[in-house]
>>> print(open('my_file.cif').read())   # mmCIF, C-alpha atoms
data_work
loop_
_atom_site.label_atom_id
_atom_site.label_comp_id
_atom_site.auth_asym_id
_atom_site.auth_seq_id
_atom_site.Cartn_x
_atom_site.Cartn_y
_atom_site.Cartn_z
CA MET A 1 66.79 161.42 129.52
CA ILE A 2 67.50 161.40 133.23
CA ARG A 3 66.26 164.11 135.63
CA SER A 4 69.46 166.18 135.60
CA GLU A 5 69.34 166.36 131.80
CA ILE A 6 65.72 167.46 131.93
CA LEU A 7 66.48 170.15 134.50
CA LYS A 8 69.35 171.42 132.35
CA GLU A 9 66.99 171.70 129.39
CA ILE A 10 64.17 173.48 131.25
CA ALA A 11 66.38 175.74 133.40
CA PRO A 12 65.94 178.75 131.08
CA ILE A 13 62.14 178.29 131.24
CA LEU A 14 62.19 178.05 135.03
CA ASN A 15 64.68 180.87 135.56
CA PRO A 16 62.33 183.91 135.66
CA HIS A 17 59.86 182.15 137.97
CA LEU A 18 59.44 181.07 141.57
CA VAL A 19 60.42 177.42 141.87
CA VAL A 20 60.00 175.12 144.86
CA CYS A 21 62.30 172.17 144.36
CA ASN A 22 62.11 168.72 145.86
CA ILE A 23 64.51 167.40 148.51
CA GLY A 24 67.77 165.68 147.66
CA LEU A 25 69.23 165.35 144.20
CA PRO A 26 66.61 167.46 142.35
CA SER A 27 67.49 170.49 144.50
CA GLN A 28 71.22 169.74 144.26
CA GLU A 29 70.94 169.50 140.49
CA LEU A 30 68.95 172.71 140.12
CA HIS A 31 71.38 174.44 142.46
CA MET A 32 74.29 173.32 140.27
CA ILE A 33 72.58 174.17 136.96
CA ASP A 34 71.08 177.57 137.78
CA ASP A 35 71.32 178.73 141.37
CA ASN A 36 69.30 181.90 141.91
CA GLU A 37 67.17 183.53 144.59
CA ARG A 38 63.92 182.46 142.93
CA ASN A 39 64.67 178.82 143.76
CA PHE A 40 63.51 177.45 147.10
CA TYR A 41 65.58 174.35 147.82
CA MET A 42 64.09 171.79 150.15
CA LEU A 43 66.82 170.41 152.37
CA GLY A 44 64.48 168.03 154.17
CA THR A 45 60.80 167.07 154.53
CA MET A 46 60.23 164.62 151.69
CA GLY A 47 56.86 164.97 150.02
CA LEU A 48 56.01 168.59 150.69
CA SER A 49 57.28 170.34 147.55
CA SER A 50 53.80 170.39 146.04
CA SER A 51 52.25 171.67 149.28
CA ILE A 52 54.82 174.44 149.84
CA GLY A 53 54.55 175.59 146.24
CA PHE A 54 50.77 175.46 146.32
CA GLY A 55 50.59 177.49 149.55
CA LEU A 56 52.87 180.05 147.92
CA ALA A 57 50.75 180.18 144.76
CA LEU A 58 47.60 180.75 146.82
CA ALA A 59 49.22 183.53 148.84
CA GLN A 60 50.40 185.72 145.96
CA ASP A 61 49.92 186.20 142.20
CA LYS A 62 53.26 185.29 140.59
CA PRO A 63 53.56 181.97 138.78
CA VAL A 64 54.91 179.14 140.95
CA ILE A 65 56.33 175.83 139.77
CA SER A 66 56.75 172.94 142.19
CA ILE A 67 59.25 170.36 141.02
CA ASP A 68 58.33 167.05 142.55
CA GLY A 69 59.12 163.39 142.00
CA ASP A 70 56.95 160.32 141.70
CA GLY A 71 58.24 158.94 145.00
CA SER A 72 57.64 162.22 146.79
CA VAL A 73 54.11 162.56 145.44
CA LEU A 74 53.38 159.04 146.64
CA THR A 75 54.64 160.08 150.09
CA ASN A 76 52.12 162.95 150.20
CA LEU A 77 49.32 161.67 147.99
CA GLY A 78 46.77 163.72 149.92
CA THR A 79 48.20 166.79 148.23
CA LEU A 80 46.46 166.04 144.92
CA PRO A 81 42.84 166.38 146.18
CA THR A 82 43.81 169.56 148.03
CA ILE A 83 45.33 171.06 144.89
CA ALA A 84 42.43 169.88 142.72
CA ASN A 85 39.77 171.38 144.96
CA ASN A 86 41.46 174.75 145.47
CA ALA A 87 42.92 175.22 141.98
CA THR A 88 44.77 178.43 141.25
CA GLY A 89 45.88 179.38 137.74
CA ASN A 90 49.37 180.55 138.73
CA TYR A 91 50.39 177.08 139.90
CA THR A 92 52.15 174.35 137.95
CA LEU A 93 53.07 171.02 139.49
CA LEU A 94 55.83 169.28 137.57
CA ILE A 95 56.19 165.65 138.60
CA ILE A 96 59.39 164.18 137.22
CA ASP A 97 58.37 160.55 137.08
CA ASN A 98 61.38 158.29 136.70
CA GLY A 99 59.75 155.37 138.50
CA SER A 100 62.35 155.35 141.24
CA TYR A 101 63.51 156.90 144.48
CA GLY A 102 66.55 158.59 142.91
CA SER A 103 68.13 160.18 145.96
CA THR A 104 68.20 156.95 147.93
CA GLY A 105 69.69 154.67 145.29
CA ASP A 106 67.03 154.26 142.60
CA GLN A 107 64.80 151.80 144.41
CA PRO A 108 61.64 151.33 142.31
CA THR A 109 58.47 153.24 143.21
CA TYR A 110 54.95 151.96 142.64
CA ALA A 111 54.61 154.70 139.99
CA GLY A 112 57.05 152.69 137.92
CA MET A 113 54.86 149.61 138.36
CA LYS A 114 51.04 149.48 138.30
CA THR A 115 50.28 152.95 139.65
CA ASN A 116 49.69 155.67 137.07
CA LEU A 117 50.14 159.13 138.60
CA THR A 118 48.43 160.83 135.64
CA ASP A 119 45.30 158.79 136.31
CA VAL A 120 45.66 159.35 140.06
CA ALA A 121 45.84 163.13 139.60
CA ARG A 122 42.76 163.08 137.35
CA ALA A 123 40.88 160.84 139.80
CA CYS A 124 41.70 163.32 142.55
CA GLY A 125 39.93 166.01 140.57
CA CYS A 126 42.82 167.78 138.83
CA GLU A 127 41.31 169.03 135.57
CA ASN A 128 44.38 169.78 133.51
CA VAL A 129 46.80 166.87 133.74
CA ILE A 130 49.34 166.35 130.97
CA GLU A 131 51.58 163.32 130.64
CA VAL A 132 54.64 164.05 128.58
CA GLN A 133 57.84 162.30 127.55
CA ASP A 134 61.08 163.90 128.79
CA LYS A 135 62.24 165.29 125.43
CA ASP A 136 58.89 167.03 124.85
CA LEU A 137 58.66 168.75 128.25
CA GLY A 138 59.96 172.27 127.43
CA PRO A 139 57.08 173.66 125.33
CA ILE A 140 54.46 171.97 127.54
CA LEU A 141 55.98 173.52 130.66
CA GLN A 142 56.18 176.97 129.04
CA GLN A 143 52.54 176.69 127.99
CA ALA A 144 51.51 175.64 131.51
CA ILE A 145 53.29 178.63 133.06
CA ASP A 146 51.80 181.05 130.53
CA SER A 147 48.29 179.65 130.85
CA ASP A 148 45.73 180.89 133.37
CA GLU A 149 44.83 177.32 134.16
CA MET A 150 46.53 175.23 136.85
CA THR A 151 48.45 172.38 135.24
CA ILE A 152 49.81 169.10 136.56
CA ILE A 153 52.58 167.73 134.34
CA VAL A 154 53.73 164.14 134.71
CA CYS A 155 57.04 163.91 132.87
CA LYS A 156 58.10 160.34 132.16
CA CYS A 157 61.83 159.81 132.05
CA ASP A 158 64.66 157.39 132.81
CA SER A 159 65.99 156.83 136.29
CA GLY A 160 69.59 157.70 136.98
CA ASN A 161 71.66 160.18 138.90
CA ILE A 162 74.81 162.23 138.63
CA LYS A 163 77.19 162.70 141.55
CA LEU A 164 76.77 166.03 143.27
CA PRO A 165 77.74 167.72 146.53
CA VAL A 166 75.04 168.58 149.08
CA ILE A 167 73.74 172.15 149.27
CA THR A 168 75.56 174.00 152.04
CA LEU A 169 73.51 177.21 151.88
CA ASP A 170 71.97 177.99 155.26
CA PRO A 171 68.21 177.30 155.19
CA VAL A 172 67.41 180.74 156.58
CA VAL A 173 69.45 182.30 153.76
CA ILE A 174 67.56 180.21 151.18
CA ARG A 175 64.26 181.27 152.70
CA HIS A 176 65.20 184.94 153.11
CA ARG A 177 66.45 185.48 149.59
CA PHE A 178 63.47 183.55 148.23
CA MET A 179 61.05 185.79 150.14
CA GLU A 180 62.83 188.86 148.79
CA ALA A 181 62.39 187.44 145.27
CA VAL A 182 58.69 186.85 145.95
CA LYS A 183 58.31 190.50 146.96
CA ALA A 184 60.43 191.89 144.07
CA MET B 1 31.91 184.42 175.73
CA ASN B 2 31.83 182.63 172.37
CA ILE B 3 35.22 180.90 172.32
CA ASP B 4 35.11 180.06 168.63
CA LYS B 5 34.49 183.67 167.72
CA LYS B 6 37.09 184.96 170.18
CA ILE B 7 39.78 182.65 168.75
CA VAL B 8 39.08 183.68 165.17
CA ASP B 9 38.81 187.37 166.13
CA ASP B 10 42.31 187.12 167.60
CA LEU B 11 43.61 185.43 164.45
CA VAL B 12 42.17 188.21 162.29
CA ALA B 13 43.44 190.94 164.65
CA ASN B 14 46.93 189.47 164.24
CA ASP B 15 46.69 189.47 160.43
CA VAL B 16 46.42 185.70 160.15
CA SER B 17 44.81 185.27 156.75
CA PHE B 18 45.70 181.71 155.71
CA VAL B 19 44.39 178.88 157.87
CA THR B 20 44.56 175.17 157.22
CA THR B 21 42.57 172.69 159.25
CA VAL B 22 42.29 168.99 159.94
CA PRO B 23 39.05 168.41 161.79
CA CYS B 24 38.39 167.37 165.36
CA LYS B 25 35.02 167.26 167.09
CA GLN B 26 36.17 169.83 169.63
CA LEU B 27 37.32 172.19 166.91
CA ALA B 28 34.19 172.01 164.73
CA GLY B 29 32.92 175.41 165.86
CA VAL B 30 36.19 177.23 165.35
CA ILE B 31 36.67 175.62 161.92
CA GLU B 32 33.18 176.76 160.95
CA GLU B 33 34.01 180.27 162.13
CA VAL B 34 37.29 180.28 160.15
CA ASP B 35 35.41 179.17 157.07
CA ALA B 36 32.84 181.93 157.46
CA ARG B 37 35.34 184.80 157.64
CA GLU B 38 35.97 186.66 154.40
CA ASN B 39 39.41 187.88 155.43
CA ILE B 40 40.70 184.33 156.05
CA PHE B 41 41.53 181.89 153.27
CA HIS B 42 40.55 178.49 154.67
CA ILE B 43 42.06 175.40 153.07
CA PRO B 44 41.33 172.03 154.64
CA SER B 45 44.28 169.58 154.59
CA ASN B 46 44.19 165.81 154.30
CA LYS B 47 47.07 165.42 156.72
CA GLU B 48 48.77 167.82 159.08
CA ASP B 49 52.25 167.67 157.54
CA GLU B 50 50.69 168.61 154.22
CA GLY B 51 49.02 171.51 156.02
CA MET B 52 52.35 172.67 157.44
CA GLY B 53 53.77 172.65 153.91
CA LEU B 54 50.90 174.84 152.72
CA CYS B 55 51.51 177.19 155.66
CA ALA B 56 55.24 177.40 154.88
CA GLY B 57 54.43 178.39 151.29
CA ALA B 58 51.81 180.90 152.36
CA PHE B 59 54.24 182.49 154.81
CA MET B 60 56.86 182.88 152.08
CA GLY B 61 54.13 184.40 149.91
CA GLY B 62 53.57 187.12 152.48
CA LYS B 63 50.61 185.75 154.45
CA ARG B 64 50.50 184.93 158.15
CA PRO B 65 49.42 181.28 158.44
CA ALA B 66 47.97 179.10 161.19
CA ILE B 67 47.09 175.43 161.50
CA ILE B 68 44.21 173.94 163.46
CA MET B 69 44.59 170.24 164.29
CA GLN B 70 44.45 167.49 166.91
CA ASN B 71 47.32 166.63 169.24
CA THR B 72 47.61 163.19 167.61
CA ALA B 73 49.11 165.16 164.70
CA ILE B 74 52.20 165.92 166.75
CA GLY B 75 53.09 162.29 166.15
CA VAL B 76 52.62 162.81 162.40
CA THR B 77 54.44 166.12 161.99
CA ILE B 78 57.68 165.93 164.00
CA ASN B 79 59.84 165.66 160.89
CA THR B 80 58.06 168.57 159.21
CA LEU B 81 58.27 170.74 162.31
CA ALA B 82 62.01 170.05 162.66
CA THR B 83 63.16 170.09 159.03
CA LEU B 84 60.82 172.70 157.55
CA THR B 85 59.18 175.03 160.06
CA GLN B 86 62.08 175.18 162.52
CA PHE B 87 65.00 174.65 160.12
CA TYR B 88 63.88 177.51 157.84
CA ARG B 89 62.75 179.55 160.85
CA MET B 90 59.09 180.12 160.07
CA PRO B 91 56.27 181.14 162.39
CA LEU B 92 53.35 178.76 162.84
CA PRO B 93 50.65 179.07 165.46
CA MET B 94 49.20 175.60 166.03
CA ILE B 95 45.78 175.65 167.64
CA ILE B 96 45.53 172.10 168.89
CA SER B 97 42.65 170.09 170.24
CA TYR B 98 44.24 168.35 173.25
CA ARG B 99 42.43 165.04 173.18
CA GLY B 100 42.96 162.48 175.94
CA GLU B 101 43.00 164.98 178.80
CA LEU B 102 40.47 165.46 181.65
CA ARG B 103 36.82 164.78 180.58
CA GLU B 104 38.00 162.67 177.61
CA PRO B 105 35.59 159.79 176.86
CA VAL B 106 37.81 157.83 174.42
CA ALA B 107 40.59 155.82 176.09
CA CYS B 108 42.82 155.58 173.04
CA GLN B 109 43.16 159.35 172.91
CA VAL B 110 45.00 159.23 176.25
CA GLU B 111 47.80 157.23 174.63
CA MET B 112 48.92 160.24 172.57
CA ALA B 113 47.95 162.77 175.25
CA VAL B 114 50.59 161.38 177.60
CA HIS B 115 53.27 161.99 174.96
CA THR B 116 52.06 165.34 173.66
CA LYS B 117 53.80 167.76 176.02
CA ALA B 118 56.94 165.63 176.17
CA LEU B 119 57.25 165.64 172.39
CA LEU B 120 56.66 169.38 172.18
CA ALA B 121 59.23 169.95 174.93
CA GLN B 122 61.73 167.71 173.14
CA LEU B 123 61.26 169.89 170.04
CA ASN B 124 61.70 173.09 172.11
CA ILE B 125 58.32 174.28 170.90
CA PRO B 126 56.79 176.95 173.17
CA THR B 127 53.63 175.34 174.51
CA TYR B 128 50.53 176.83 176.17
CA HIS B 129 47.72 174.80 177.69
CA PHE B 130 44.18 176.23 177.78
CA HIS B 131 42.18 174.43 180.46
CA TRP B 132 39.72 177.12 181.60
CA GLN B 133 37.72 179.35 179.29
CA ASP B 134 39.49 182.42 180.62
CA ASP B 135 42.82 181.03 179.38
CA VAL B 136 41.79 182.11 175.87
CA LYS B 137 42.59 185.68 176.92
CA GLU B 138 46.26 184.79 176.42
CA LEU B 139 45.79 183.91 172.73
CA ASP B 140 46.42 187.42 171.42
CA ASN B 141 49.77 187.55 173.26
CA ILE B 142 50.69 184.08 172.05
CA LEU B 143 50.04 185.01 168.42
CA LYS B 144 52.14 188.18 168.74
CA TYR B 145 54.90 186.11 170.35
CA THR B 146 54.78 183.51 167.53
CA PHE B 147 55.22 186.08 164.76
CA MET B 148 57.86 187.93 166.77
CA CYS B 149 60.11 184.89 167.15
CA ASN B 150 59.34 183.00 163.87
CA LYS B 151 58.80 179.67 165.60
CA PRO B 152 56.07 177.07 165.68
CA VAL B 153 54.07 177.55 168.88
CA ALA B 154 51.56 175.07 170.32
CA ILE B 155 48.28 176.05 171.96
CA LEU B 156 46.76 172.95 173.54
CA THR B 157 43.04 173.27 174.19
CA ASP B 158 41.54 170.46 176.28
CA ALA B 159 38.00 169.16 176.71
CA ASN B 160 37.45 171.19 179.85
CA PHE B 161 38.29 174.37 177.92
CA TRP B 162 35.70 173.46 175.30
CA GLY B 163 33.09 172.62 177.97
CA GLY B 164 33.20 168.81 177.82
CA TYR B 165 31.66 166.45 175.33
CA GLY B 166 27.97 166.86 176.04
CA ASP B 167 26.11 163.61 175.51
CA GLN B 168 29.08 161.49 174.45
#
>>> encode(input="my_file.cif", output="structure tokens")
Amino acid sequence: MIRSEILKEIAPILNPHLVVCNIGLPSQELHMIDDNERNFYMLGTMGLSSSIGFGLALAQDKPVISIDGDGSVLTNLGTLPTIANNATGNYTLLIIDNGSYGSTGDQPTYAGMKTNLTDVARACGCENVIEVQDKDLGPILQQAIDSDEMTIIVCKCDSGNIKLPVITLDPVVIRHRFMEAVKA
Amino acid sequence: MNIDKKIVDDLVANDVSFVTTVPCKQLAGVIEEVDARENIFHIPSNKEDEGMGLCAGAFMGGKRPAIIMQNTAIGVTINTLATLTQFYRMPLPMIISYRGELREPVACQVEMAVHTKALLAQLNIPTYHFHWQDDVKELDNILKYTFMCNKPVAILTDANFWGGYGDQ
């Protein structure tokens, strides 16, 4: 499975929850599949999906899922020790690990080579790290959201993209409606 | 006047309850004070752009955030300031140790100091420079201004403000 197929499959699981989605194609895909006010689309700032979602999870009680990629996590690797050492049960970090920088033309990442992000997350102190194959993600994600324990999911999948338009929503609109959903 | 205490008192008085920090020698006292306060959640960051991401999330979760960092971080965070904090119009007080200014003992720090205000000006970030201890009296107004206009705002605090480097 490629990322867009995974997102299509997990969209009903994500739908009731606050989701912070990674820059580029992941946000464009989620926007196409199930646009709603509980999605915060990153239009820039590669690497910070996990940090934004984690800050949100620490600030309020609702479950938060950050959708990240292997390339983006490698960009902001310092996020994993921060998350590990300040764990909060309402947070799930979903790393869609396709071993490539999808939005820039599928150049390989080191996560598709020698670097194992599951091991990295554990070495950083994350206590509940689950590596899962794409087709098995749904139930694992649901369990992570329902559980009181913070979970890092590394979902292994194929690289590949579908053609999509960019998101033209104004960033302040994205942020405003998201904040209203947080308060609701 | 205890500057560390005064700074953190002003943060608390302005409902700032989520503070991320990247350490600097000059800021050690204020970071310690932040950590000691029960009504502030203190989360150290490994890098300042990561910290700005945490602050963006905390703001959307209903908390007023702040970041405490060195001016060298301006070089690290320009993309985040432009494409996250400014683009989505979020408030962020940045209490910044202004290394490389008067009374600085480390030459390399001057290399970023000479770019600091120019970079902040290029980003249209409102910038305040605390050089004398009394300048801290403006902090309360600056925090109110930051959360009024939903912008990142820089507060540069130099070595003279902190009383020099002692034995260094």
>>> resolve_selection(input="my_file.cif", expression="the PyMOL selection byres ((chain B and resi 28) around 12)", output="NGL selection string")
:B and (3-4 or 21-27 or 29-35 or 68-70 or 97 or 162)
>>> atom_distance(input="my_file.cif", atom1="atom CA of Val153 of chain B", atom2="atom CA of Ile95 of chain B")
8.6 Å
>>> resolve_selection(input="my_file.cif", expression="the PyMOL selection byres ((chain A and resi 135) around 9)", output="ChimeraX atom specification")
/A:1,6,9,132-134,136-138,157
>>> interface_residues(input="my_file.cif", of="chain A", to="chain B", cutoff="7 Å", atoms="only C-alpha atoms", output="MDAnalysis selection string")
chainID A and resid 44:45 48 51:56 58:60 78:79 82 171:172 175 179 182
>>> resolve_selection(input="my_file.cif", expression="the PyMOL selection byres ((chain A and resi 23) around 9)", output="list in words")
Cys21, Asn22, Gly24, Leu25, Pro26, Ser27, Gln28, Tyr41, Met42, Leu43, Gly44, Thr45, Met46, Gly47, Leu48, Ser49, Asp68, Ser72 and Ser103 of chain A
>>> atom_distance(input="my_file.cif", atom1="atom CA of Gly112 of chain A", atom2="atom CA of Ser100 of chain A")
6.8 Å
>>> residues_near_point(input="my_file.cif", point="(66.0, 156.0, 136.3)", cutoff="8 Å", atoms="only C-alpha atoms", output="list of chain:residue names")
A:Ile2, A:Asn98, A:Gly99, A:Ser100, A:Gly102, A:Asp106, A:Cys157, A:Asp158, A:Ser159, A:Gly160, A:Asn161
>>> atom_distance(input="my_file.cif", atom1="atom CA of Pro91 of chain B", atom2="atom CA of Cys149 of chain B")
7.2 Å
>>> residues_near_point(input="my_file.cif", point="(44.7, 166.5, 139.3)", cutoff="9 Å", atoms="only C-alpha atoms", output="PyMOL selection string")
chain A and resi 80-81+83-85+118-129+151-152
>>> closest_residue(input="my_file.cif", among="B:Asn39, B:Thr72, B:Asp9, B:Leu123", to="Lys137 of chain B", atoms="only C-alpha atoms")
B:Asp9
>>> closest_residue(input="my_file.cif", among="B:Pro105, B:Asp140, B:Ala36, B:Phe161", to="Ala13 of chain B", atoms="all atoms listed in the file")
B:Asp140
>>> residues_around(input="my_file.cif", residues="Glu111 of chain B", least_positions_apart="4", cutoff="9 Å", atoms="all atoms listed in the file", output="compact mmCIF listing (two decimals) with C-alpha atoms, keeping the file's coordinate frame")
# COMPACT_ATOMS: atom_id res chain seq x y z
CA GLY B 100 42.96 162.48 175.94
CA ALA B 107 40.59 155.82 176.09
CA HIS B 115 53.27 161.99 174.96
>>> closest_residue(input="my_file.cif", among="A:Gly89, A:Gly69, A:Pro108, A:Pro12", to="Asp146 of chain A", atoms="all atoms listed in the file")
A:Gly89
>>> closest_residue(input="my_file.cif", among="B:Ile40, B:Asp158, B:Glu48, B:Glu101", to="Ile78 of chain B", atoms="all atoms listed in the file")
B:Glu48
>>> closest_residue(input="my_file.cif", among="A:Lys183, A:Lys8, A:Lys156, A:Lys163", to="Leu94 of chain A", atoms="all atoms listed in the file")
A:Lys156
>>> build_atoms(input="my_file.cif", residues="segment 146-175 of chain A", atoms="N, CA and C atoms", output="mmCIF file, in the frame of the given file")
data_model
loop_
_atom_site.group_PDB
_atom_site.id
_atom_site.type_symbol
_atom_site.label_atom_id
_atom_site.label_comp_id
_atom_site.auth_asym_id
_atom_site.auth_seq_id
_atom_site.Cartn_x
_atom_site.Cartn_y
_atom_site.Cartn_z
ATOM 1 N N ASP A 146 52.457 179.905 131.178
ATOM 2 C CA ASP A 146 51.800 181.050 130.530
ATOM 3 C C ASP A 146 50.276 181.004 130.657
ATOM 4 N N SER A 147 49.744 179.809 130.835
ATOM 5 C CA SER A 147 48.290 179.650 130.850
ATOM 6 C C SER A 147 47.686 180.107 132.179
ATOM 7 N N ASP A 148 46.424 180.486 132.143
ATOM 8 C CA ASP A 148 45.730 180.890 133.370
ATOM 9 C C ASP A 148 45.149 179.695 134.104
ATOM 10 N N GLU A 149 45.412 178.518 133.568
ATOM 11 C CA GLU A 149 44.830 177.320 134.160
ATOM 12 C C GLU A 149 45.907 176.531 134.910
ATOM 13 N N MET A 150 45.581 176.054 136.090
ATOM 14 C CA MET A 150 46.530 175.230 136.850
ATOM 15 C C MET A 150 46.812 173.938 136.072
ATOM 16 N N THR A 151 48.082 173.567 136.016
ATOM 17 C CA THR A 151 48.450 172.380 135.240
ATOM 18 C C THR A 151 49.288 171.430 136.091
ATOM 19 N N ILE A 152 48.980 170.146 135.966
ATOM 20 C CA ILE A 152 49.810 169.100 136.560
ATOM 21 C C ILE A 152 50.503 168.394 135.402
ATOM 22 N N ILE A 153 51.830 168.408 135.404
ATOM 23 C CA ILE A 153 52.580 167.730 134.340
ATOM 24 C C ILE A 153 53.257 166.504 134.937
ATOM 25 N N VAL A 154 53.018 165.369 134.309
ATOM 26 C CA VAL A 154 53.730 164.140 134.710
ATOM 27 C C VAL A 154 54.726 163.850 133.588
ATOM 28 N N CYS A 155 56.000 164.056 133.892
ATOM 29 C CA CYS A 155 57.040 163.910 132.870
ATOM 30 C C CYS A 155 57.738 162.560 133.041
ATOM 31 N N LYS A 156 57.514 161.684 132.093
ATOM 32 C CA LYS A 156 58.100 160.340 132.160
ATOM 33 C C LYS A 156 59.547 160.399 131.672
ATOM 34 N N CYS A 157 60.419 159.789 132.452
ATOM 35 C CA CYS A 157 61.830 159.810 132.050
ATOM 36 C C CYS A 157 62.561 158.607 132.632
ATOM 37 N N ASP A 158 63.850 158.512 132.308
ATOM 38 C CA ASP A 158 64.660 157.390 132.810
ATOM 39 C C ASP A 158 65.122 157.681 134.232
ATOM 40 N N SER A 159 65.386 156.621 134.972
ATOM 41 C CA SER A 159 65.990 156.830 136.290
ATOM 42 C C SER A 159 67.505 156.885 136.123
ATOM 43 N N GLY A 160 68.137 157.553 137.058
ATOM 44 C CA GLY A 160 69.590 157.700 136.980
ATOM 45 C C GLY A 160 70.013 159.011 137.591
ATOM 46 N N ASN A 161 71.208 159.008 138.162
ATOM 47 C CA ASN A 161 71.660 160.180 138.900
ATOM 48 C C ASN A 161 73.087 160.557 138.499
ATOM 49 N N ILE A 162 73.417 161.814 138.743
ATOM 50 C CA ILE A 162 74.810 162.230 138.630
ATOM 51 C C ILE A 162 75.317 162.510 140.045
ATOM 52 N N LYS A 163 76.621 162.453 140.222
ATOM 53 C CA LYS A 163 77.190 162.700 141.550
ATOM 54 C C LYS A 163 77.307 164.199 141.806
ATOM 55 N N LEU A 164 76.810 164.608 142.950
ATOM 56 C CA LEU A 164 76.770 166.030 143.270
ATOM 57 C C LEU A 164 77.018 166.262 144.753
ATOM 58 N N PRO A 165 77.608 167.408 145.093
ATOM 59 C CA PRO A 165 77.740 167.720 146.530
ATOM 60 C C PRO A 165 76.393 168.168 147.113
ATOM 61 N N VAL A 166 76.266 168.086 148.429
ATOM 62 C CA VAL A 166 75.040 168.580 149.080
ATOM 63 C C VAL A 166 75.042 170.110 149.043
ATOM 64 N N ILE A 167 73.847 170.689 149.229
ATOM 65 C CA ILE A 167 73.740 172.150 149.270
ATOM 66 C C ILE A 167 74.146 172.618 150.667
ATOM 67 N N THR A 168 75.096 173.555 150.718
ATOM 68 C CA THR A 168 75.560 174.000 152.040
ATOM 69 C C THR A 168 75.007 175.377 152.414
ATOM 70 N N LEU A 169 74.161 175.939 151.533
ATOM 71 C CA LEU A 169 73.510 177.210 151.880
ATOM 72 C C LEU A 169 72.715 177.037 153.172
ATOM 73 N N ASP A 170 72.772 178.040 154.032
ATOM 74 C CA ASP A 170 71.970 177.990 155.260
ATOM 75 C C ASP A 170 70.482 178.088 154.901
ATOM 76 N N PRO A 171 69.635 177.273 155.532
ATOM 77 C CA PRO A 171 68.210 177.300 155.190
ATOM 78 C C PRO A 171 67.568 178.673 155.355
ATOM 79 N N VAL A 172 68.004 179.414 156.359
ATOM 80 C CA VAL A 172 67.410 180.740 156.580
ATOM 81 C C VAL A 172 67.813 181.691 155.454
ATOM 82 N N VAL A 173 69.005 181.497 154.910
ATOM 83 C CA VAL A 173 69.450 182.300 153.760
ATOM 84 C C VAL A 173 68.604 181.942 152.534
ATOM 85 N N ILE A 174 68.405 180.650 152.308
ATOM 86 C CA ILE A 174 67.560 180.210 151.180
ATOM 87 C C ILE A 174 66.179 180.834 151.285
ATOM 88 N N ARG A 175 65.626 180.765 152.477
ATOM 89 C CA ARG A 175 64.260 181.270 152.700
ATOM 90 C C ARG A 175 64.221 182.788 152.565
#
